[in-house]
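A.B. asks: entry_13.txt is the file, holding compact mmCIF, C-alpha atoms and all ligand atoms:
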```txt
# COMPACT_ATOMS: atom_id res chain seq x y z
CA MET F 1 0.71 -6.23 45.01
CA SER F 2 -2.60 -7.68 46.15
CA SER F 3 -3.37 -10.94 47.88
CA ARG F 4 -5.87 -12.00 45.18
CA PRO F 5 -5.13 -15.50 43.85
CA PRO F 6 -3.73 -15.39 40.28
CA VAL F 7 -6.35 -15.83 37.58
CA ARG F 8 -5.63 -18.24 34.74
CA VAL F 9 -6.04 -16.59 31.34
CA PRO F 10 -4.99 -17.53 27.81
CA ALA F 11 -1.57 -16.31 26.66
CA LYS F 12 -1.53 -12.74 25.36
CA PRO F 13 -1.91 -12.46 21.60
CA ALA F 14 1.07 -11.06 19.69
CA LYS F 15 1.39 -7.30 20.05
CA VAL F 16 0.25 -5.29 17.07
CA PRO F 17 0.55 -1.55 16.59
CA LYS F 18 -2.32 0.57 17.85
CA ALA F 19 -5.07 0.81 15.30
CA ASN F 20 -8.57 2.17 15.45
CA ALA F 21 -11.74 0.11 15.65
CA ALA F 22 -12.03 -0.35 11.88
CA ALA F 23 -8.63 -1.98 11.70
CA THR F 24 -9.37 -4.37 14.49
CA SER F 25 -12.48 -5.65 12.76
CA VAL F 26 -12.46 -9.32 11.87
CA VAL F 27 -10.07 -10.01 9.04
CA ARG F 28 -11.48 -12.38 6.47
CA ASN F 29 -9.57 -15.57 5.72
CA ASN F 30 -7.03 -14.77 8.37
CA PRO F 31 -6.55 -17.69 10.73
CA ALA F 32 -3.88 -15.95 12.75
CA SER F 33 -6.21 -12.98 13.45
CA VAL F 34 -3.70 -10.44 12.25
CA THR F 35 -5.15 -6.97 11.75
CA PRO F 36 -4.46 -5.38 8.37
CA MET F 37 -2.45 -2.68 10.15
CA GLY F 38 -0.45 -5.29 12.06
CA TRP F 39 0.22 -7.09 8.78
CA MET F 40 1.31 -3.82 7.16
CA HIS F 41 3.70 -3.17 10.03
CA THR F 42 5.67 -6.31 9.15
CA ALA F 43 6.99 -4.48 6.05
CA ARG F 44 10.71 -4.63 5.44
CA PHE F 45 12.93 -3.60 2.56
CA LEU F 46 13.38 -6.38 0.02
CA THR F 47 15.29 -5.04 -2.95
CA THR F 48 15.75 -2.15 -5.34
CA ALA F 49 16.10 -2.19 -9.12
CA ALA F 50 16.78 0.44 -11.77
CA GLN F 51 15.72 -1.89 -14.56
CA LEU F 52 13.07 -4.49 -14.97
CA HIS F 53 15.38 -7.43 -15.48
CA HIS F 54 17.06 -6.64 -12.16
CA LEU F 55 13.84 -7.42 -10.29
CA PRO F 56 13.71 -10.91 -8.80
CA ALA F 57 11.06 -13.17 -10.30
CA MET F 58 8.53 -13.88 -7.56
CA ASP F 59 5.25 -15.67 -7.18
CA THR F 60 4.09 -13.61 -4.21
CA PRO F 61 1.22 -11.18 -4.89
CA GLU F 62 2.68 -7.74 -5.63
CA ILE F 63 0.97 -4.36 -5.39
CA ALA F 64 2.46 -1.41 -7.25
CA PHE F 65 2.10 2.22 -6.20
CA VAL F 66 2.13 4.46 -9.26
CA GLY F 67 1.37 8.09 -9.96
CA ARG F 68 2.79 11.48 -10.71
CA SER F 69 5.95 12.56 -9.03
CA ASN F 70 5.25 14.12 -5.63
CA ALA F 71 1.74 12.61 -5.44
CA GLY F 72 2.65 10.94 -2.15
CA LYS F 73 3.38 7.30 -3.07
CA SER F 74 6.35 6.82 -0.76
CA THR F 75 4.62 8.68 2.07
CA CYS F 76 1.55 6.47 1.64
CA ILE F 77 3.69 3.33 1.96
CA ASN F 78 5.37 4.73 5.07
CA THR F 79 1.98 5.62 6.57
CA LEU F 80 0.41 2.23 5.81
CA THR F 81 3.40 0.37 7.22
CA GLN F 82 3.78 2.78 10.16
CA LYS F 83 7.48 3.08 9.32
CA LYS F 84 8.57 6.65 8.79
CA GLN F 85 11.59 5.96 6.65
CA LEU F 86 10.87 2.72 4.85
CA ALA F 87 10.32 4.37 1.47
CA PHE F 88 12.15 7.57 0.54
CA ALA F 89 9.72 10.48 0.67
CA SER F 90 10.70 14.04 -0.04
CA LYS F 91 9.39 17.52 -0.80
CA LYS F 92 11.66 17.43 -3.82
CA PRO F 93 9.90 15.66 -6.71
CA GLY F 94 11.75 12.78 -8.30
CA ARG F 95 13.01 11.37 -5.00
CA THR F 96 12.18 7.77 -5.88
CA GLN F 97 14.30 6.71 -8.84
CA HIS F 98 14.23 2.94 -8.63
CA ILE F 99 11.58 0.30 -8.23
CA ASN F 100 11.77 -0.46 -4.53
CA LEU F 101 10.20 -3.64 -3.21
CA PHE F 102 9.02 -4.16 0.37
CA ALA F 103 8.05 -7.56 1.74
CA LEU F 104 5.02 -8.10 3.98
CA GLY F 105 4.25 -11.09 6.15
CA LYS F 106 4.55 -12.42 9.63
CA GLN F 107 7.61 -14.15 11.01
CA GLY F 108 9.71 -13.87 7.90
CA ILE F 109 7.07 -15.41 5.65
CA THR F 110 6.54 -13.07 2.72
CA ASP F 111 2.89 -13.17 1.68
CA ALA F 112 2.77 -9.94 -0.32
CA VAL F 113 5.10 -7.35 -1.81
CA LEU F 114 4.62 -3.61 -2.13
CA ALA F 115 6.39 -1.88 -5.03
CA ASP F 116 7.16 1.83 -4.76
CA LEU F 117 7.66 3.18 -8.26
CA PRO F 118 9.27 6.44 -9.35
CA GLY F 119 6.73 9.09 -10.24
CA TYR F 120 6.19 10.41 -13.72
CA GLY F 121 5.61 13.92 -15.03
CA TYR F 122 8.42 15.61 -13.17
CA ALA F 123 9.39 18.49 -15.46
CA ALA F 124 13.03 18.72 -14.40
CA VAL F 125 13.90 15.22 -15.59
CA ALA F 126 15.72 15.11 -18.94
CA LYS F 127 13.49 13.99 -21.82
CA MET F 128 15.51 10.86 -22.56
CA ASP F 129 15.37 9.81 -18.92
CA LYS F 130 11.63 10.40 -18.86
CA LEU F 131 11.09 8.25 -21.94
CA ARG F 132 13.36 5.54 -20.63
CA TRP F 133 11.53 5.48 -17.33
CA GLN F 134 8.09 5.51 -18.92
CA GLN F 135 9.17 2.48 -20.95
CA VAL F 136 10.47 0.64 -17.88
CA MET F 137 7.25 1.35 -16.02
CA ALA F 138 4.98 0.36 -18.90
CA ASN F 139 6.92 -2.89 -19.29
CA TYR F 140 6.70 -3.53 -15.57
CA LEU F 141 2.94 -2.95 -15.45
CA VAL F 142 2.29 -5.05 -18.52
CA SER F 143 4.66 -7.93 -17.89
CA ARG F 144 5.21 -8.37 -14.15
CA ASP F 145 3.65 -11.79 -13.66
CA ASN F 146 2.98 -11.60 -9.93
CA LEU F 147 1.40 -8.13 -10.15
CA THR F 148 -1.93 -8.48 -8.33
CA GLY F 149 -2.98 -4.88 -7.90
CA ILE F 150 -2.18 -1.31 -8.83
CA VAL F 151 -2.69 1.67 -6.56
CA MET F 152 -2.69 4.92 -8.50
CA MET F 153 -1.94 7.93 -6.34
CA CYS F 154 -3.50 11.15 -7.48
CA ASP F 155 -3.38 14.62 -5.91
CA PRO F 156 -7.04 15.68 -6.20
CA ARG F 157 -6.04 19.33 -6.52
CA HIS F 158 -4.60 18.44 -9.94
CA GLY F 159 -6.98 15.60 -10.83
CA LEU F 160 -6.05 12.80 -13.20
CA THR F 161 -3.52 14.14 -15.68
CA GLU F 162 -2.75 13.16 -19.26
CA LEU F 163 0.04 10.85 -18.07
CA ASP F 164 -2.35 9.20 -15.61
CA ASP F 165 -4.75 8.59 -18.51
CA ILE F 166 -1.97 7.03 -20.60
CA LEU F 167 -1.10 4.75 -17.71
CA LEU F 168 -4.76 3.79 -17.32
CA GLU F 169 -4.79 2.80 -20.99
CA VAL F 170 -1.62 0.73 -20.55
CA ILE F 171 -3.11 -1.27 -17.69
CA ARG F 172 -6.70 -1.47 -18.96
CA PRO F 173 -6.30 -4.95 -20.55
CA ARG F 174 -4.89 -6.36 -17.33
CA VAL F 175 -7.59 -4.71 -15.21
CA GLU F 176 -10.18 -6.26 -17.51
CA GLU F 177 -8.53 -9.61 -16.87
CA GLY F 178 -8.93 -9.16 -13.12
CA LEU F 179 -5.95 -7.07 -11.96
CA LYS F 180 -7.09 -5.10 -8.91
CA PHE F 181 -7.11 -1.35 -9.20
CA LEU F 182 -7.52 1.51 -6.73
CA ILE F 183 -7.22 5.27 -7.13
CA ILE F 184 -6.09 7.00 -3.94
CA LEU F 185 -6.81 10.71 -3.72
CA THR F 186 -3.87 11.89 -1.67
CA LYS F 187 -3.31 14.87 0.63
CA ALA F 188 -7.03 15.01 1.44
CA ASP F 189 -6.12 17.20 4.40
CA LYS F 190 -5.59 20.04 1.93
CA LEU F 191 -9.25 19.93 0.86
CA THR F 192 -12.44 20.96 2.65
CA ARG F 193 -15.08 18.29 3.19
CA ALA F 194 -17.09 19.62 0.26
CA GLU F 195 -14.01 19.58 -1.98
CA GLN F 196 -13.24 16.02 -0.87
CA ALA F 197 -16.75 14.87 -1.78
CA LYS F 198 -16.52 16.57 -5.17
CA ALA F 199 -13.06 15.13 -5.91
CA LEU F 200 -14.32 11.68 -4.95
CA SER F 201 -17.27 11.75 -7.31
CA ILE F 202 -15.20 13.12 -10.23
CA ALA F 203 -12.52 10.46 -9.73
CA ARG F 204 -15.19 7.73 -9.48
CA LEU F 205 -16.46 8.71 -12.91
CA GLN F 206 -12.93 8.70 -14.31
CA ALA F 207 -12.13 5.37 -12.65
CA GLY F 208 -14.82 3.69 -14.71
CA GLY F 209 -16.26 1.74 -11.80
CA GLY F 210 -12.88 1.15 -10.12
CA GLU F 211 -12.41 1.86 -6.42
CA VAL F 212 -11.47 5.35 -5.25
CA LYS F 213 -10.48 6.33 -1.72
CA LEU F 214 -9.55 9.57 -0.01
CA PHE F 215 -6.28 9.45 1.92
CA SER F 216 -4.26 11.73 4.14
CA ALA F 217 -0.92 10.73 5.59
CA LEU F 218 -1.08 13.83 7.78
CA LYS F 219 -4.51 13.10 9.29
CA LYS F 220 -4.26 9.30 8.94
CA GLN F 221 -7.44 9.38 6.87
CA GLY F 222 -8.27 6.27 4.86
CA VAL F 223 -5.31 4.33 6.24
CA ASP F 224 -7.23 1.42 7.77
CA GLU F 225 -9.52 1.13 4.76
CA VAL F 226 -6.62 0.93 2.32
CA ALA F 227 -4.78 -1.59 4.52
CA GLN F 228 -7.91 -3.76 4.64
CA LEU F 229 -8.35 -3.56 0.86
CA LEU F 230 -4.73 -4.55 0.18
CA TRP F 231 -5.12 -7.46 2.58
CA ASP F 232 -8.26 -8.57 0.75
CA TRP F 233 -6.52 -8.30 -2.63
CA THR F 234 -3.63 -10.46 -1.54
CA HIS F 235 -5.64 -12.93 0.55
CA PRO F 236 -8.70 -13.72 -1.54
CA ALA F 237 -11.44 -15.61 0.26
CA ASP F 238 -10.98 -18.69 -1.91
CA GLY F 239 -7.41 -18.96 -0.68
CA ALA F 240 -6.07 -19.33 -4.23
CA VAL F 241 -3.26 -16.83 -3.75
CA ALA F 242 -3.24 -16.79 0.01
CA ALA F 243 0.20 -17.30 1.39
CA PRO F 244 1.00 -19.92 3.98
CA GLN F 245 0.48 -18.60 7.47
CA ALA F 246 2.83 -19.62 10.19
CA ALA F 247 1.12 -22.20 12.37
CA GLU F 248 -0.04 -20.62 15.60
CA PRO F 249 1.14 -22.34 18.74
CA PRO F 250 -1.68 -23.89 20.76
CA GLU F 251 -3.21 -21.50 23.23
CA GLU F 252 -1.28 -21.73 26.44
CA GLU F 253 -2.62 -21.09 29.87
CA THR F 254 -0.46 -18.72 31.79
CA GLU F 255 -0.73 -17.14 35.14
CA ALA F 256 -1.87 -13.56 35.04
CA VAL F 257 0.32 -11.05 36.73
CA ASP F 258 -1.51 -9.10 39.38
CA GLU F 259 -1.67 -5.40 38.61
N1 LIG B 1 -0.25 17.53 3.47
C1 LIG B 1 0.13 16.31 3.03
N2 LIG B 1 1.34 16.16 2.43
C2 LIG B 1 1.67 14.95 1.97
C3 LIG B 1 0.81 13.82 2.09
N3 LIG B 1 1.40 12.75 1.52
C4 LIG B 1 2.59 13.19 1.05
N4 LIG B 1 2.76 14.50 1.31
C5 LIG B 1 3.93 15.32 0.99
O1 LIG B 1 4.11 15.32 -0.43
C6 LIG B 1 5.50 15.35 -0.76
C7 LIG B 1 5.84 14.22 -1.73
O2 LIG B 1 5.66 12.99 -1.07
P1 LIG B 1 6.37 11.63 -1.59
O3 LIG B 1 5.79 10.54 -0.79
O4 LIG B 1 7.84 11.77 -1.61
O5 LIG B 1 5.82 11.58 -3.09
P2 LIG B 1 6.13 10.48 -4.21
O6 LIG B 1 4.87 10.29 -4.96
O7 LIG B 1 6.76 9.28 -3.63
O8 LIG B 1 7.18 11.28 -5.13
P3 LIG B 1 8.27 10.68 -6.17
O9 LIG B 1 9.12 9.70 -5.43
O10 LIG B 1 8.97 11.91 -6.64
O11 LIG B 1 7.49 10.05 -7.28
C8 LIG B 1 6.25 15.28 0.57
O12 LIG B 1 6.61 16.59 0.95
C9 LIG B 1 5.22 14.71 1.53
O13 LIG B 1 5.41 15.12 2.86
C10 LIG B 1 -0.45 14.01 2.77
O14 LIG B 1 -1.29 13.10 2.92
N5 LIG B 1 -0.73 15.29 3.21
MG MG B 2 8.53 8.36 -4.02
```
Step by step, read the file and then write its structure as structure tokens.
Ligand SMILES: Nc1nc2c(ncn2[C@@H]2O[C@H](COP(=O)(O)OP(=O)(O)OP(=O)(O)O)[C@@H](O)[C@H]2O)c(=O)[nH]1
Ligand SMILES: [Mg+2]

C.D. replies:
Amino acid sequence: MSSRPPVRVPAKPAKVPKANAAATSVVRNNPASVTPMGWMHTARFLTTAAQLHHLPAMDTPEIAFVGRSNAGKSTCINTLTQKKQLAFASKKPGRTQHINLFALGKQGITDAVLADLPGYGYAAVAKMDKLRWQQVMANYLVSRDNLTGIVMMCDPRHGLTELDDILLEVIRPRVEEGLKFLIILTKADKLTRAEQAKALSIARLQAGGGEVKLFSALKKQGVDEVAQLLWDWTHPADGAVAAPQAAEPPEEETEAVDE
């Protein structure tokens, strides 16, 4: 304890998880000054559905994570949200078998939804189940009204596969109409820097001008950038889709505690 008189300072801002300098950069159109990583950390399980008609109709912007089985979709969601067990991730391919929705937003106000989809291309799945699932996913991608963006996860060691190309064709009309689209090259920690650069330029060509980012859950590479992009997708500068933000209480003056 010291005898210094207490200094009057504004109330402490809400605590957000530690993030690096990029994540603490100014967030556009964000009156509450939430960092993208802080926003991501609000994620909570919303619902799960085996079939499309079991999904609740929503008008909140939704971002779907798609890609081959084992590409790292669930792990990416857990890394972005800084919640180890939010989405089921596993060494065993085919771990995610339902469409799982996670809500994002401060203080119980959902302003975006993340959808973790089962992967495709897992050889051990029976043919009928594969076809059924491919149909469910195609229907979801084509008809989900509140779908705002698609994140396609791709292991750069395998590149974009035939099934990825089919999916790209399925979503092309919606992307041309303005649906956001990002290819994430996962498990970047398994590549050298030179391999990463090469994978990035190949994927950029295949993405036809779409965004491509390198990502590693292990090394936390690309995490802040992806969080920022998803924020931007769901909170466009014109505010058209931006969700209501909880009103911030007026700044209070509190007495600082002496260190
Ligand atoms: N080295 C490394 N391994 C990763 C990374 N991301 C995911 N993995 C591993 O890849 C495996 C598959 O990860 P999941 O997140 O379950 O993959 P998924 O795409 O959700 O798979 P399905 O649910 O089967 O479609 C797990 O063993 C993860 O630990 C990463 O960035 N680096
Ligand atoms: Mg999964």

A.B. asks: Give me, as number ranges by chain, the set of residues whose atoms come within 12 Å of any atom of ligand MG 2 (chain B), counting only C-alpha atoms and all ligand atoms.

C.D. replies: F: 64-78, 85-100, 115-120, 122, 153

A.B. asks: Those same residues, written as a compact mmCIF listing (two decimals), in the coordinates of the input with C-alpha atoms?

C.D. replies:
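Saved as out35.txt:
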```
# COMPACT_ATOMS: atom_id res chain seq x y z
CA ALA F 64 2.46 -1.41 -7.25
CA PHE F 65 2.10 2.22 -6.20
CA VAL F 66 2.13 4.46 -9.26
CA GLY F 67 1.37 8.09 -9.96
CA ARG F 68 2.79 11.48 -10.71
CA SER F 69 5.95 12.56 -9.03
CA ASN F 70 5.25 14.12 -5.63
CA ALA F 71 1.74 12.61 -5.44
CA GLY F 72 2.65 10.94 -2.15
CA LYS F 73 3.38 7.30 -3.07
CA SER F 74 6.35 6.82 -0.76
CA THR F 75 4.62 8.68 2.07
CA CYS F 76 1.55 6.47 1.64
CA ILE F 77 3.69 3.33 1.96
CA ASN F 78 5.37 4.73 5.07
CA GLN F 85 11.59 5.96 6.65
CA LEU F 86 10.87 2.72 4.85
CA ALA F 87 10.32 4.37 1.47
CA PHE F 88 12.15 7.57 0.54
CA ALA F 89 9.72 10.48 0.67
CA SER F 90 10.70 14.04 -0.04
CA LYS F 91 9.39 17.52 -0.80
CA LYS F 92 11.66 17.43 -3.82
CA PRO F 93 9.90 15.66 -6.71
CA GLY F 94 11.75 12.78 -8.30
CA ARG F 95 13.01 11.37 -5.00
CA THR F 96 12.18 7.77 -5.88
CA GLN F 97 14.30 6.71 -8.84
CA HIS F 98 14.23 2.94 -8.63
CA ILE F 99 11.58 0.30 -8.23
CA ASN F 100 11.77 -0.46 -4.53
CA ALA F 115 6.39 -1.88 -5.03
CA ASP F 116 7.16 1.83 -4.76
CA LEU F 117 7.66 3.18 -8.26
CA PRO F 118 9.27 6.44 -9.35
CA GLY F 119 6.73 9.09 -10.24
CA TYR F 120 6.19 10.41 -13.72
CA TYR F 122 8.42 15.61 -13.17
CA MET F 153 -1.94 7.93 -6.34
```

A.B. asks: Here is a test: counting all atoms listed in the file, which residue of F:Ala197, F:Ile183, F:Cys154, F:Ala103 is nearest to ligand LIG 1 (chain B)?

C.D. replies: F:Cys154

A.B. asks: I'd like the neighbourhood of Gly210 (chain F) as a PyMOL selection string, where a residue qualifies if any of its atoms comes within 10 Å (using only C-alpha atoms), though same-chain residues fewer than 3 positions away should be ignored.

C.D. replies: chain F and resi 175+180-183+203-207

A.B. asks: Show me, as JSON, the centre and edge lengths in Å to one decimal of the axis-aligned box that covers every listed atom of region 191-205 of chain F with 3 Å on each side.

C.D. replies:
```
{"center_x": -13.3, "center_y": 14.3, "center_z": -4.9, "size_x": 14.0, "size_y": 19.2, "size_z": 22.1}
```

A.B. asks: Just how far from CA of Trp231 (chain F) is CA of Gln135 (chain F), in Å to one decimal?

C.D. replies: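 Straight-line distance from CA of Gln135 (chain F) to CA of Trp231 (chain F) works out to 29.3 Å.
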
A.B. asks: So, counting only C-alpha atoms, which residue among F:Arg157, F:Leu230, F:Tyr140, F:Ile184 is closest to Val170 (chain F)?

C.D. replies: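 Residue with the minimum atom-to-atom distance to Val170 (chain F): F:Tyr140.
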
A.B. asks: Identify which of the residues F:Ser201, F:Thr79, F:Gln107, F:Thr192 lies closest to ligand LIG 1 (chain B), counting only C-alpha atoms and all ligand atoms when measuring atom-to-atom distances.

C.D. replies: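 The answer is F:Thr79, which sits nearest to ligand LIG 1 (chain B).
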
A.B. asks: Of the residues F:Leu160, F:Met152, F:Val113, F:Leu200, which is the one nearest to Phe45 (chain F), using all atoms listed in the file?

C.D. replies: F:Val113

A.B. asks: If we count all atoms listed in the file and set the cut-off at 12 Å, which residues sit around Gly222 (chain F), ignoring sequence neighbours fewer than 3 positions away in its own chain? Please answer as a list of chain:residue names.

C.D. replies: F:Asn20, F:Ala22, F:Ala23, F:Met37, F:Cys76, F:Thr79, F:Leu80, F:Ile184, F:Leu185, F:Thr186, F:Lys187, F:Ala188, F:Asp189, F:Val212, F:Lys213, F:Leu214, F:Phe215, F:Ser216, F:Ala217, F:Leu218, F:Lys219, F:Glu225, F:Val226, F:Ala227, F:Gln228, F:Leu229

A.B. asks: For those residues, write C-alpha atoms to a file as a PDB file, keeping the file's coordinate frame.

C.D. replies:
```
ATOM      1  CA  ASN F  20      -8.570   2.170  15.450  1.00  0.00           C
ATOM      2  CA  ALA F  22     -12.030  -0.350  11.880  1.00  0.00           C
ATOM      3  CA  ALA F  23      -8.630  -1.980  11.700  1.00  0.00           C
ATOM      4  CA  MET F  37      -2.450  -2.680  10.150  1.00  0.00           C
ATOM      5  CA  CYS F  76       1.550   6.470   1.640  1.00  0.00           C
ATOM      6  CA  THR F  79       1.980   5.620   6.570  1.00  0.00           C
ATOM      7  CA  LEU F  80       0.410   2.230   5.810  1.00  0.00           C
ATOM      8  CA  ILE F 184      -6.090   7.000  -3.940  1.00  0.00           C
ATOM      9  CA  LEU F 185      -6.810  10.710  -3.720  1.00  0.00           C
ATOM     10  CA  THR F 186      -3.870  11.890  -1.670  1.00  0.00           C
ATOM     11  CA  LYS F 187      -3.310  14.870   0.630  1.00  0.00           C
ATOM     12  CA  ALA F 188      -7.030  15.010   1.440  1.00  0.00           C
ATOM     13  CA  ASP F 189      -6.120  17.200   4.400  1.00  0.00           C
ATOM     14  CA  VAL F 212     -11.470   5.350  -5.250  1.00  0.00           C
ATOM     15  CA  LYS F 213     -10.480   6.330  -1.720  1.00  0.00           C
ATOM     16  CA  LEU F 214      -9.550   9.570  -0.010  1.00  0.00           C
ATOM     17  CA  PHE F 215      -6.280   9.450   1.920  1.00  0.00           C
ATOM     18  CA  SER F 216      -4.260  11.730   4.140  1.00  0.00           C
ATOM     19  CA  ALA F 217      -0.920  10.730   5.590  1.00  0.00           C
ATOM     20  CA  LEU F 218      -1.080  13.830   7.780  1.00  0.00           C
ATOM     21  CA  LYS F 219      -4.510  13.100   9.290  1.00  0.00           C
ATOM     22  CA  GLU F 225      -9.520   1.130   4.760  1.00  0.00           C
ATOM     23  CA  VAL F 226      -6.620   0.930   2.320  1.00  0.00           C
ATOM     24  CA  ALA F 227      -4.780  -1.590   4.520  1.00  0.00           C
ATOM     25  CA  GLN F 228      -7.910  -3.760   4.640  1.00  0.00           C
ATOM     26  CA  LEU F 229      -8.350  -3.560   0.860  1.00  0.00           C
TER      27      LEU F 229
END
```

A.B. asks: CA of Gly208 (chain F) and CA of Ile150 (chain F), how far apart in Å?

C.D. replies: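 Calculated distance between CA of Ile150 (chain F) and CA of Gly208 (chain F) is 14.8 Å.
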
A.B. asks: F:Asp155, F:Asp111, F:Glu62, F:Glu162: which is nearest ligand LIG 1 (chain B), counting all atoms listed in the file?

C.D. replies: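 For ligand LIG 1 (chain B), the nearest of the candidates is F:Asp155.
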